[in-house]
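This is work-v5.cif. It holds mmCIF, C-alpha atoms.
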data_work
#
loop_
_atom_site.group_PDB
_atom_site.id
_atom_site.type_symbol
_atom_site.label_atom_id
_atom_site.label_comp_id
_atom_site.auth_asym_id
_atom_site.auth_seq_id
_atom_site.Cartn_x
_atom_site.Cartn_y
_atom_site.Cartn_z
ATOM 1 C CA MET H 297 -10.163 43.682 49.959
ATOM 2 C CA GLY H 298 -7.006 42.381 48.256
ATOM 3 C CA ASP H 299 -5.913 44.015 45.035
ATOM 4 C CA VAL H 300 -4.316 42.371 42.041
ATOM 5 C CA LYS H 301 -1.131 44.175 41.059
ATOM 6 C CA PRO H 302 -1.343 46.217 37.844
ATOM 7 C CA VAL H 303 0.329 44.665 34.834
ATOM 8 C CA HIS H 304 3.418 46.896 34.914
ATOM 9 C CA GLU H 305 4.294 45.793 38.458
ATOM 10 C CA THR H 306 4.697 42.114 37.547
ATOM 11 C CA PRO H 307 8.414 41.332 37.077
ATOM 12 C CA THR H 308 8.613 39.041 34.026
ATOM 13 C CA GLY H 309 7.071 39.133 30.567
ATOM 14 C CA GLY H 310 5.452 35.725 30.812
ATOM 15 C CA GLY H 311 4.272 36.436 34.335
ATOM 16 C CA ARG H 312 2.811 39.783 33.275
ATOM 17 C CA GLU H 313 0.753 38.203 30.523
ATOM 18 C CA ARG H 314 -0.498 35.340 32.690
ATOM 19 C CA GLN H 315 -1.459 37.731 35.471
ATOM 20 C CA ARG H 316 -3.134 40.068 32.976
ATOM 21 C CA ARG H 317 -5.273 37.216 31.642
ATOM 22 C CA ARG H 318 -6.212 36.070 35.145
ATOM 23 C CA THR H 319 -7.111 39.564 36.281
ATOM 24 C CA ARG H 320 -9.134 40.365 33.178
ATOM 25 C CA LYS H 321 -11.011 37.066 33.442
ATOM 26 C CA ALA H 322 -11.788 37.676 37.121
ATOM 27 C CA ILE H 323 -13.225 41.100 36.305
ATOM 28 C CA ILE H 324 -15.303 39.830 33.386
ATOM 29 C CA ASP H 325 -16.591 36.817 35.316
ATOM 30 C CA ALA H 326 -17.673 39.074 38.171
ATOM 31 C CA ALA H 327 -19.501 41.433 35.799
ATOM 32 C CA VAL H 328 -21.320 38.583 34.060
ATOM 33 C CA GLU H 329 -22.434 37.112 37.385
ATOM 34 C CA LEU H 330 -23.827 40.454 38.566
ATOM 35 C CA LEU H 331 -25.605 41.120 35.269
ATOM 36 C CA ALA H 332 -27.081 37.622 35.176
ATOM 37 C CA ARG H 333 -28.698 38.359 38.538
ATOM 38 C CA GLY H 334 -30.440 41.351 36.957
ATOM 39 C CA GLU H 335 -28.297 43.912 38.763
ATOM 40 C CA ASP H 336 -26.968 47.191 37.340
ATOM 41 C CA PRO H 337 -23.410 46.934 38.649
ATOM 42 C CA SER H 338 -21.105 49.870 39.145
ATOM 43 C CA VAL H 339 -17.340 49.648 38.751
ATOM 44 C CA ALA H 340 -17.131 49.436 42.534
ATOM 45 C CA ASP H 341 -19.565 46.496 42.571
ATOM 46 C CA VAL H 342 -17.552 44.626 39.936
ATOM 47 C CA ALA H 343 -14.285 45.393 41.685
ATOM 48 C CA GLU H 344 -15.596 44.066 44.995
ATOM 49 C CA ALA H 345 -16.970 40.890 43.370
ATOM 50 C CA ALA H 346 -13.660 40.296 41.564
ATOM 51 C CA ASP H 347 -11.611 41.132 44.675
ATOM 52 C CA VAL H 348 -9.638 43.855 42.912
ATOM 53 C CA SER H 349 -9.556 47.637 43.243
ATOM 54 C CA ARG H 350 -11.505 50.096 41.120
ATOM 55 C CA ARG H 351 -8.174 51.311 39.755
ATOM 56 C CA THR H 352 -7.394 47.802 38.523
ATOM 57 C CA VAL H 353 -10.762 47.568 36.768
ATOM 58 C CA TYR H 354 -10.070 50.853 34.976
ATOM 59 C CA LEU H 355 -6.646 49.592 33.876
ATOM 60 C CA TYR H 356 -8.427 46.966 31.800
ATOM 61 C CA PHE H 357 -11.719 48.712 30.975
ATOM 62 C CA PRO H 358 -11.711 52.514 30.572
ATOM 63 C CA THR H 359 -15.510 52.738 30.939
ATOM 64 C CA LEU H 360 -18.211 50.736 32.668
ATOM 65 C CA GLU H 361 -20.152 50.267 29.428
ATOM 66 C CA HIS H 362 -17.032 48.813 27.795
ATOM 67 C CA LEU H 363 -16.708 46.298 30.621
ATOM 68 C CA LEU H 364 -20.367 45.266 30.590
ATOM 69 C CA ALA H 365 -20.573 44.792 26.846
ATOM 70 C CA ASP H 366 -17.265 42.927 26.700
ATOM 71 C CA ALA H 367 -18.233 40.667 29.582
ATOM 72 C CA ALA H 368 -21.528 39.683 27.995
ATOM 73 C CA LEU H 369 -20.012 38.750 24.660
ATOM 74 C CA GLU H 370 -16.931 37.095 26.115
ATOM 75 C CA ALA H 371 -19.236 34.695 27.907
ATOM 76 C CA ALA H 372 -20.660 33.628 24.544
ATOM 77 C CA ARG H 373 -17.334 33.148 22.720
ATOM 78 C CA ALA H 374 -16.888 29.440 23.486
ATOM 79 C CA THR H 375 -20.295 28.544 22.055
ATOM 80 C CA VAL H 376 -20.356 30.954 19.115
ATOM 81 C CA GLU H 377 -16.980 30.642 17.428
ATOM 82 C CA PRO H 378 -16.911 26.863 16.811
ATOM 83 C CA ARG H 379 -20.258 27.141 15.028
ATOM 84 C CA PHE H 380 -19.016 29.336 12.188
ATOM 85 C CA GLU H 381 -15.329 28.442 11.985
ATOM 86 C CA ALA H 382 -15.839 24.754 11.260
ATOM 87 C CA GLY H 383 -15.473 25.326 7.518
ATOM 88 C CA GLY H 384 -17.907 25.448 4.642
ATOM 89 C CA ASP H 385 -18.623 28.262 2.221
ATOM 90 C CA VAL H 386 -19.368 31.814 3.268
ATOM 91 C CA ALA H 387 -23.137 31.286 3.303
ATOM 92 C CA GLU H 388 -22.761 28.304 5.644
ATOM 93 C CA ARG H 389 -20.330 30.194 7.883
ATOM 94 C CA LEU H 390 -22.692 33.155 8.065
ATOM 95 C CA GLU H 391 -25.716 31.002 8.850
ATOM 96 C CA GLY H 392 -23.709 29.207 11.531
ATOM 97 C CA LEU H 393 -22.850 32.544 13.125
ATOM 98 C CA VAL H 394 -26.427 33.835 13.038
ATOM 99 C CA ARG H 395 -27.825 30.666 14.573
ATOM 100 C CA ALA H 396 -25.094 30.441 17.209
ATOM 101 C CA VAL H 397 -25.745 33.978 18.426
ATOM 102 C CA GLN H 398 -29.520 33.997 18.153
ATOM 103 C CA GLN H 399 -30.059 30.581 19.751
ATOM 104 C CA GLY H 400 -28.596 31.916 22.964
ATOM 105 C CA PHE H 401 -31.239 34.646 23.110
ATOM 106 C CA ALA H 402 -33.734 32.840 25.342
ATOM 107 C CA ASP H 403 -31.079 32.154 27.978
ATOM 108 C CA THR H 404 -29.567 35.638 27.877
ATOM 109 C CA GLU H 405 -32.519 37.889 27.043
ATOM 110 C CA ALA H 406 -32.571 39.564 30.464
ATOM 111 C CA LEU H 407 -28.827 40.132 30.279
ATOM 112 C CA GLY H 408 -29.127 41.516 26.749
ATOM 113 C CA ARG H 409 -31.884 43.949 27.673
ATOM 114 C CA THR H 410 -29.797 45.132 30.620
ATOM 115 C CA ILE H 411 -26.727 45.721 28.446
ATOM 116 C CA ILE H 412 -28.757 47.606 25.833
ATOM 117 C CA ARG H 413 -30.456 49.766 28.428
ATOM 118 C CA LEU H 414 -27.174 50.616 30.134
ATOM 119 C CA THR H 415 -25.280 51.437 26.951
ATOM 120 C CA ILE H 416 -28.117 53.399 25.329
ATOM 121 C CA GLY H 417 -28.575 55.440 28.468
ATOM 122 C CA ALA H 418 -24.880 56.027 29.045
ATOM 123 C CA ALA H 419 -23.534 59.531 28.570
ATOM 124 C CA GLY H 420 -21.412 59.862 25.465
ATOM 125 C CA ALA H 421 -19.132 62.649 26.613
ATOM 126 C CA ALA H 422 -16.315 60.338 27.696
ATOM 127 C CA ARG H 423 -16.523 58.253 24.539
ATOM 128 C CA PRO H 424 -14.390 59.202 21.513
ATOM 129 C CA ALA H 425 -16.493 60.615 18.676
ATOM 130 C CA GLY H 426 -17.614 57.928 16.262
ATOM 131 C CA SER H 427 -16.596 55.031 18.488
ATOM 132 C CA PRO H 428 -19.183 52.297 19.057
ATOM 133 C CA ARG H 429 -20.894 51.899 22.420
ATOM 134 C CA ARG H 430 -20.965 48.111 22.139
ATOM 135 C CA GLY H 431 -20.765 45.241 19.680
ATOM 136 C CA TYR H 432 -17.119 45.145 18.676
ATOM 137 C CA ARG H 433 -16.975 41.388 19.364
ATOM 138 C CA ARG H 434 -20.030 40.887 17.152
ATOM 139 C CA VAL H 435 -18.342 42.838 14.351
ATOM 140 C CA GLU H 436 -15.206 40.742 14.799
ATOM 141 C CA TRP H 437 -17.265 37.548 14.424
ATOM 142 C CA ILE H 438 -19.033 38.829 11.304
ATOM 143 C CA GLU H 439 -15.738 39.803 9.691
ATOM 144 C CA ARG H 440 -14.265 36.387 10.470
ATOM 145 C CA ALA H 441 -17.304 34.554 9.110
ATOM 146 C CA LEU H 442 -17.065 36.584 5.895
ATOM 147 C CA GLU H 443 -13.281 36.348 5.610
ATOM 148 C CA PRO H 444 -13.280 34.016 2.555
ATOM 149 C CA LEU H 445 -15.285 36.678 0.745
ATOM 150 C CA ARG H 446 -12.936 39.578 1.475
ATOM 151 C CA PRO H 447 -10.687 39.154 -1.615
ATOM 152 C CA GLU H 448 -13.748 39.135 -3.883
ATOM 153 C CA LEU H 449 -15.336 42.406 -2.740
ATOM 154 C CA PRO H 450 -14.073 45.991 -2.844
ATOM 155 C CA PRO H 451 -13.306 47.167 0.703
ATOM 156 C CA ASP H 452 -16.252 49.575 0.831
ATOM 157 C CA ARG H 453 -18.736 46.863 -0.161
ATOM 158 C CA PHE H 454 -17.244 44.424 2.345
ATOM 159 C CA GLU H 455 -17.563 46.992 5.121
ATOM 160 C CA ARG H 456 -21.116 47.846 4.066
ATOM 161 C CA LEU H 457 -22.064 44.166 4.243
ATOM 162 C CA VAL H 458 -20.533 43.857 7.714
ATOM 163 C CA SER H 459 -22.484 46.924 8.848
ATOM 164 C CA ALA H 460 -25.750 45.606 7.406
ATOM 165 C CA LEU H 461 -25.313 42.234 9.088
ATOM 166 C CA THR H 462 -24.895 43.855 12.501
ATOM 167 C CA LEU H 463 -28.608 44.720 12.230
ATOM 168 C CA LEU H 464 -29.493 41.019 12.116
ATOM 169 C CA ILE H 465 -27.145 39.434 14.640
ATOM 170 C CA GLY H 466 -27.505 39.933 18.363
ATOM 171 C CA TRP H 467 -30.010 40.813 21.034
ATOM 172 C CA GLU H 468 -31.321 43.902 19.250
ATOM 173 C CA ALA H 469 -32.692 41.990 16.264
ATOM 174 C CA MET H 470 -34.331 39.341 18.424
ATOM 175 C CA ILE H 471 -35.871 41.948 20.715
ATOM 176 C CA VAL H 472 -37.307 43.912 17.780
ATOM 177 C CA LEU H 473 -38.815 40.804 16.221
ATOM 178 C CA GLN H 474 -40.241 39.683 19.546
ATOM 179 C CA ASP H 475 -41.532 43.070 20.699
ATOM 180 C CA THR H 476 -42.806 44.500 17.409
ATOM 181 C CA ARG H 477 -43.785 41.342 15.519
ATOM 182 C CA GLY H 478 -44.678 38.997 18.345
ATOM 183 C CA LEU H 479 -42.414 36.242 17.016
ATOM 184 C CA GLY H 480 -41.137 33.373 19.115
ATOM 185 C CA VAL H 481 -37.422 32.765 19.472
ATOM 186 C CA SER H 482 -37.212 30.117 16.744
ATOM 187 C CA GLU H 483 -39.321 32.173 14.327
ATOM 188 C CA ALA H 484 -37.153 35.240 14.921
ATOM 189 C CA GLU H 485 -34.013 33.173 14.366
ATOM 190 C CA GLU H 486 -35.301 31.964 10.987
ATOM 191 C CA VAL H 487 -36.085 35.535 9.925
ATOM 192 C CA CYS H 488 -32.548 36.600 10.849
ATOM 193 C CA VAL H 489 -31.016 33.690 8.926
ATOM 194 C CA TRP H 490 -33.172 34.439 5.857
ATOM 195 C CA ALA H 491 -32.313 38.148 5.940
ATOM 196 C CA ALA H 492 -28.594 37.489 6.390
ATOM 197 C CA ARG H 493 -28.562 35.116 3.430
ATOM 198 C CA ALA H 494 -30.478 37.660 1.348
ATOM 199 C CA LEU H 495 -27.936 40.388 2.131
ATOM 200 C CA LEU H 496 -25.058 38.068 1.298
ATOM 201 C CA ALA H 497 -26.674 37.054 -2.001
ATOM 202 C CA ALA H 498 -27.272 40.703 -2.909
ATOM 203 C CA GLU H 499 -23.529 41.373 -2.649
ATOM 204 C CA THR H 500 -22.294 38.218 -4.323
ATOM 205 C CA THR H 501 -24.670 37.636 -7.260
#

Turn this file's structure into structure tokens for me.
Amino acid sequence: MGDVKPVHETPTGGGRERQRRRTRKAIIDAAVELLARGEDPSVADVAEAADVSRRTVYLYFPTLEHLLADAALEAARATVEPRFEAGGDVAERLEGLVRAVQQGFADTEALGRTIIRLTIGAAGAARPAGSPRRGYRRVEWIERALEPLRPELPPDRFERLVSALTLLIGWEAMIVLQDTRGLGVSEAEEVCVWAARALLAAETT
């Protein structure tokens, strides 16, 4: 199995960055493919599928859970970001984000349940205290959707709103509404949009 050289072994700055992007993409693409097949991949499985070594995988992703969560959300970036960055006021940006994420639920439900199961069941000893298990890309999207509002809110209220919205955006919210309320995908999406708008209004009116 051929290995991709670690970043520090590439001779030039531009070459290092290009190789880093290629290697990272190969690792993520391999993880997404394995997860989409319903597998529970190990680092060795991902490394073999990406044609790199386990050491190379760990250079980019310190833990397996980090890799799996990042791979799942990276796959959604191209469809999510244009939906909420097209302009409009904060309420429109937020609704665009909620709909973009939740509308992909039907196609990625199995993947989402796998990611949640793996990260919930993962041991926390190797994870720094207080650091999230998953969802940093989701938080990044929420912060970007709310960016026009940042100058208007004290930092603690802005952060509280971001935290509250993480409850409504993503697989977890759709799974709860489906499993505990028996809602269909479109019904669950509308509940998430309504709740997100209500939270936003509570902080801005």

### Expansion of the PyMOL selection byres ((chain H and resi 399) around 12) into residues, as a PyMOL selection string
chain H and resi 372+375-376+379+391-398+400-405+465-467+470+480-486+488-489

All file atoms of stretch 482-486 of chain H boxed axis-aligned, 4 Å per side, centre plus edges, as lines of an AutoDock Vina configuration file:
center_x = -36.7
center_y = 32.7
center_z = 13.9
size_x = 13.3
size_y = 13.1
size_z = 13.8

### Task
Can you pull out every residue within 9 Å of H:Thr462, counting only C-alpha atoms, but drop anything in the same chain fewer than 4 positions away, and send it as a list in words?
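Answer for this query is Gly431, Arg434, Val435, Ile438, Leu457, Val458, Gly466 and Ala469 of chain H.
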
### Query
What separation in Å, quoted to one decimal, exists between atom CA of H:Leu463 and atom CA of H:Val487?
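Computed distance, atom CA of H:Leu463 to atom CA of H:Val487, equals 12.1 Å.
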
### Task
Could you check which of H:Ala345, H:Ala406, H:Ile412, H:Ala340 is closest to H:Glu361, using all atoms listed in the file?
H:Ile412

Determine, counting all atoms listed in the file, which protein, DNA and RNA residues have an atom within 7 Å of an atom of H:Ala492; residues of the same chain fewer than 4 positions away are not included. Present the result as a PDB file with C-alpha atoms, in the frame of the given file.
ATOM      1  CA  LEU H 461     -25.313  42.234   9.088  1.00  0.00           C
ATOM      2  CA  LEU H 464     -29.493  41.019  12.116  1.00  0.00           C
ATOM      3  CA  CYS H 488     -32.548  36.600  10.849  1.00  0.00           C
ATOM      4  CA  LEU H 496     -25.058  38.068   1.298  1.00  0.00           C
TER       5      LEU H 496
END

### Task
Tell me, in Å to one decimal, how far atom CA of H:Phe357 is from atom CA of H:Ala332.
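Atom CA of H:Ala332 lies at a distance of 19.4 Å from atom CA of H:Phe357.
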
#### Entry: Interatomic distance, atom CA of H:Glu388 to atom CA of H:Leu495 (Å, one decimal)
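Here the two named atoms are 13.6 Å from each other.
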
### Query
Using all atoms listed in the file, which of H:Leu390, H:Leu363, H:Ala497, H:Ile471 sits nearest H:Glu377?
H:Leu390

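Candidate residues H:Glu499, H:Glu448, H:Asp366, H:Glu344 were compared for distance to H:Ala460, and the nearest is H:Glu499, using all atoms listed in the file.
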
Mind checking which residues fall within 12 Å of H:Pro444, counting all atoms listed in the file, ignoring those fewer than 3 positions away in the same chain, and posting them as a PDB file with C-alpha atoms, in the frame of the given file?
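Saved the output as around.pdb:
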ATOM      1  CA  GLU H 381     -15.329  28.442  11.985  1.00  0.00           C
ATOM      2  CA  GLY H 383     -15.473  25.326   7.518  1.00  0.00           C
ATOM      3  CA  GLY H 384     -17.907  25.448   4.642  1.00  0.00           C
ATOM      4  CA  ASP H 385     -18.623  28.262   2.221  1.00  0.00           C
ATOM      5  CA  VAL H 386     -19.368  31.814   3.268  1.00  0.00           C
ATOM      6  CA  ALA H 387     -23.137  31.286   3.303  1.00  0.00           C
ATOM      7  CA  GLU H 388     -22.761  28.304   5.644  1.00  0.00           C
ATOM      8  CA  ARG H 389     -20.330  30.194   7.883  1.00  0.00           C
ATOM      9  CA  LEU H 390     -22.692  33.155   8.065  1.00  0.00           C
ATOM     10  CA  ILE H 438     -19.033  38.829  11.304  1.00  0.00           C
ATOM     11  CA  GLU H 439     -15.738  39.803   9.691  1.00  0.00           C
ATOM     12  CA  ARG H 440     -14.265  36.387  10.470  1.00  0.00           C
ATOM     13  CA  ALA H 441     -17.304  34.554   9.110  1.00  0.00           C
ATOM     14  CA  PRO H 447     -10.687  39.154  -1.615  1.00  0.00           C
ATOM     15  CA  GLU H 448     -13.748  39.135  -3.883  1.00  0.00           C
ATOM     16  CA  LEU H 449     -15.336  42.406  -2.740  1.00  0.00           C
ATOM     17  CA  PHE H 454     -17.244  44.424   2.345  1.00  0.00           C
TER      18      PHE H 454
END

### Query
Hey, which of H:Val472, H:Ala322, H:Leu479, H:Leu442 ends up closest to H:Thr500? Count only C-alpha atoms.
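Result for the nearest residue to H:Thr500: H:Leu442.
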
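Distances here use only C-alpha atoms; by that measure, the residue among H:Glu468, H:Arg333, H:Pro358, H:Arg456 closest to H:Arg409 is H:Glu468.
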
Which residues are close to H:Ile323, i.e. within 12 Å by all atoms listed in the file, leaving aside same-chain residues fewer than 5 positions away? Reply as a tab-separated table (two decimals) with C-alpha atoms, in the coordinates of the input.
chain	number	residue	atom	x	y	z
H	299	ASP	CA	-5.91	44.02	45.04
H	300	VAL	CA	-4.32	42.37	42.04
H	316	ARG	CA	-3.13	40.07	32.98
H	317	ARG	CA	-5.27	37.22	31.64
H	318	ARG	CA	-6.21	36.07	35.15
H	328	VAL	CA	-21.32	38.58	34.06
H	329	GLU	CA	-22.43	37.11	37.38
H	330	LEU	CA	-23.83	40.45	38.57
H	337	PRO	CA	-23.41	46.93	38.65
H	339	VAL	CA	-17.34	49.65	38.75
H	340	ALA	CA	-17.13	49.44	42.53
H	341	ASP	CA	-19.57	46.50	42.57
H	342	VAL	CA	-17.55	44.63	39.94
H	343	ALA	CA	-14.28	45.39	41.68
H	344	GLU	CA	-15.60	44.07	45.00
H	345	ALA	CA	-16.97	40.89	43.37
H	346	ALA	CA	-13.66	40.30	41.56
H	347	ASP	CA	-11.61	41.13	44.68
H	348	VAL	CA	-9.64	43.86	42.91
H	349	SER	CA	-9.56	47.64	43.24
H	350	ARG	CA	-11.50	50.10	41.12
H	351	ARG	CA	-8.17	51.31	39.76
H	352	THR	CA	-7.39	47.80	38.52
H	353	VAL	CA	-10.76	47.57	36.77
H	354	TYR	CA	-10.07	50.85	34.98
H	355	LEU	CA	-6.65	49.59	33.88
H	356	TYR	CA	-8.43	46.97	31.80
H	357	PHE	CA	-11.72	48.71	30.98
H	360	LEU	CA	-18.21	50.74	32.67
H	363	LEU	CA	-16.71	46.30	30.62
H	364	LEU	CA	-20.37	45.27	30.59
H	366	ASP	CA	-17.26	42.93	26.70
H	367	ALA	CA	-18.23	40.67	29.58
H	368	ALA	CA	-21.53	39.68	28.00
H	370	GLU	CA	-16.93	37.10	26.12

### Message
Nearest residue to H:Arg413 out of H:Arg320, H:Trp490, H:Ala365, H:Arg314, using all atoms listed in the file?
### Response
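Once distances to H:Arg413 are computed over all atoms listed in the file, the minimum belongs to H:Ala365.
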
### Message
Would you pick out the contacts of H:Thr410 at 8 Å or less, using all atoms listed in the file, so that residues sharing its chain but fewer than 4 positions from it are not included, and give the list as a list in words?
### Response
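Those residues are Leu331, Gly334, Asp336, Ala406 and Leu414 of chain H.
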
What does the file look like for those residues with C-alpha atoms, as a CSV table (one decimal), in the coordinates of the input?
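Result saved to out-v8.csv:
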chain,number,residue,atom,x,y,z
H,331,LEU,CA,-25.6,41.1,35.3
H,334,GLY,CA,-30.4,41.4,37.0
H,336,ASP,CA,-27.0,47.2,37.3
H,406,ALA,CA,-32.6,39.6,30.5
H,414,LEU,CA,-27.2,50.6,30.1
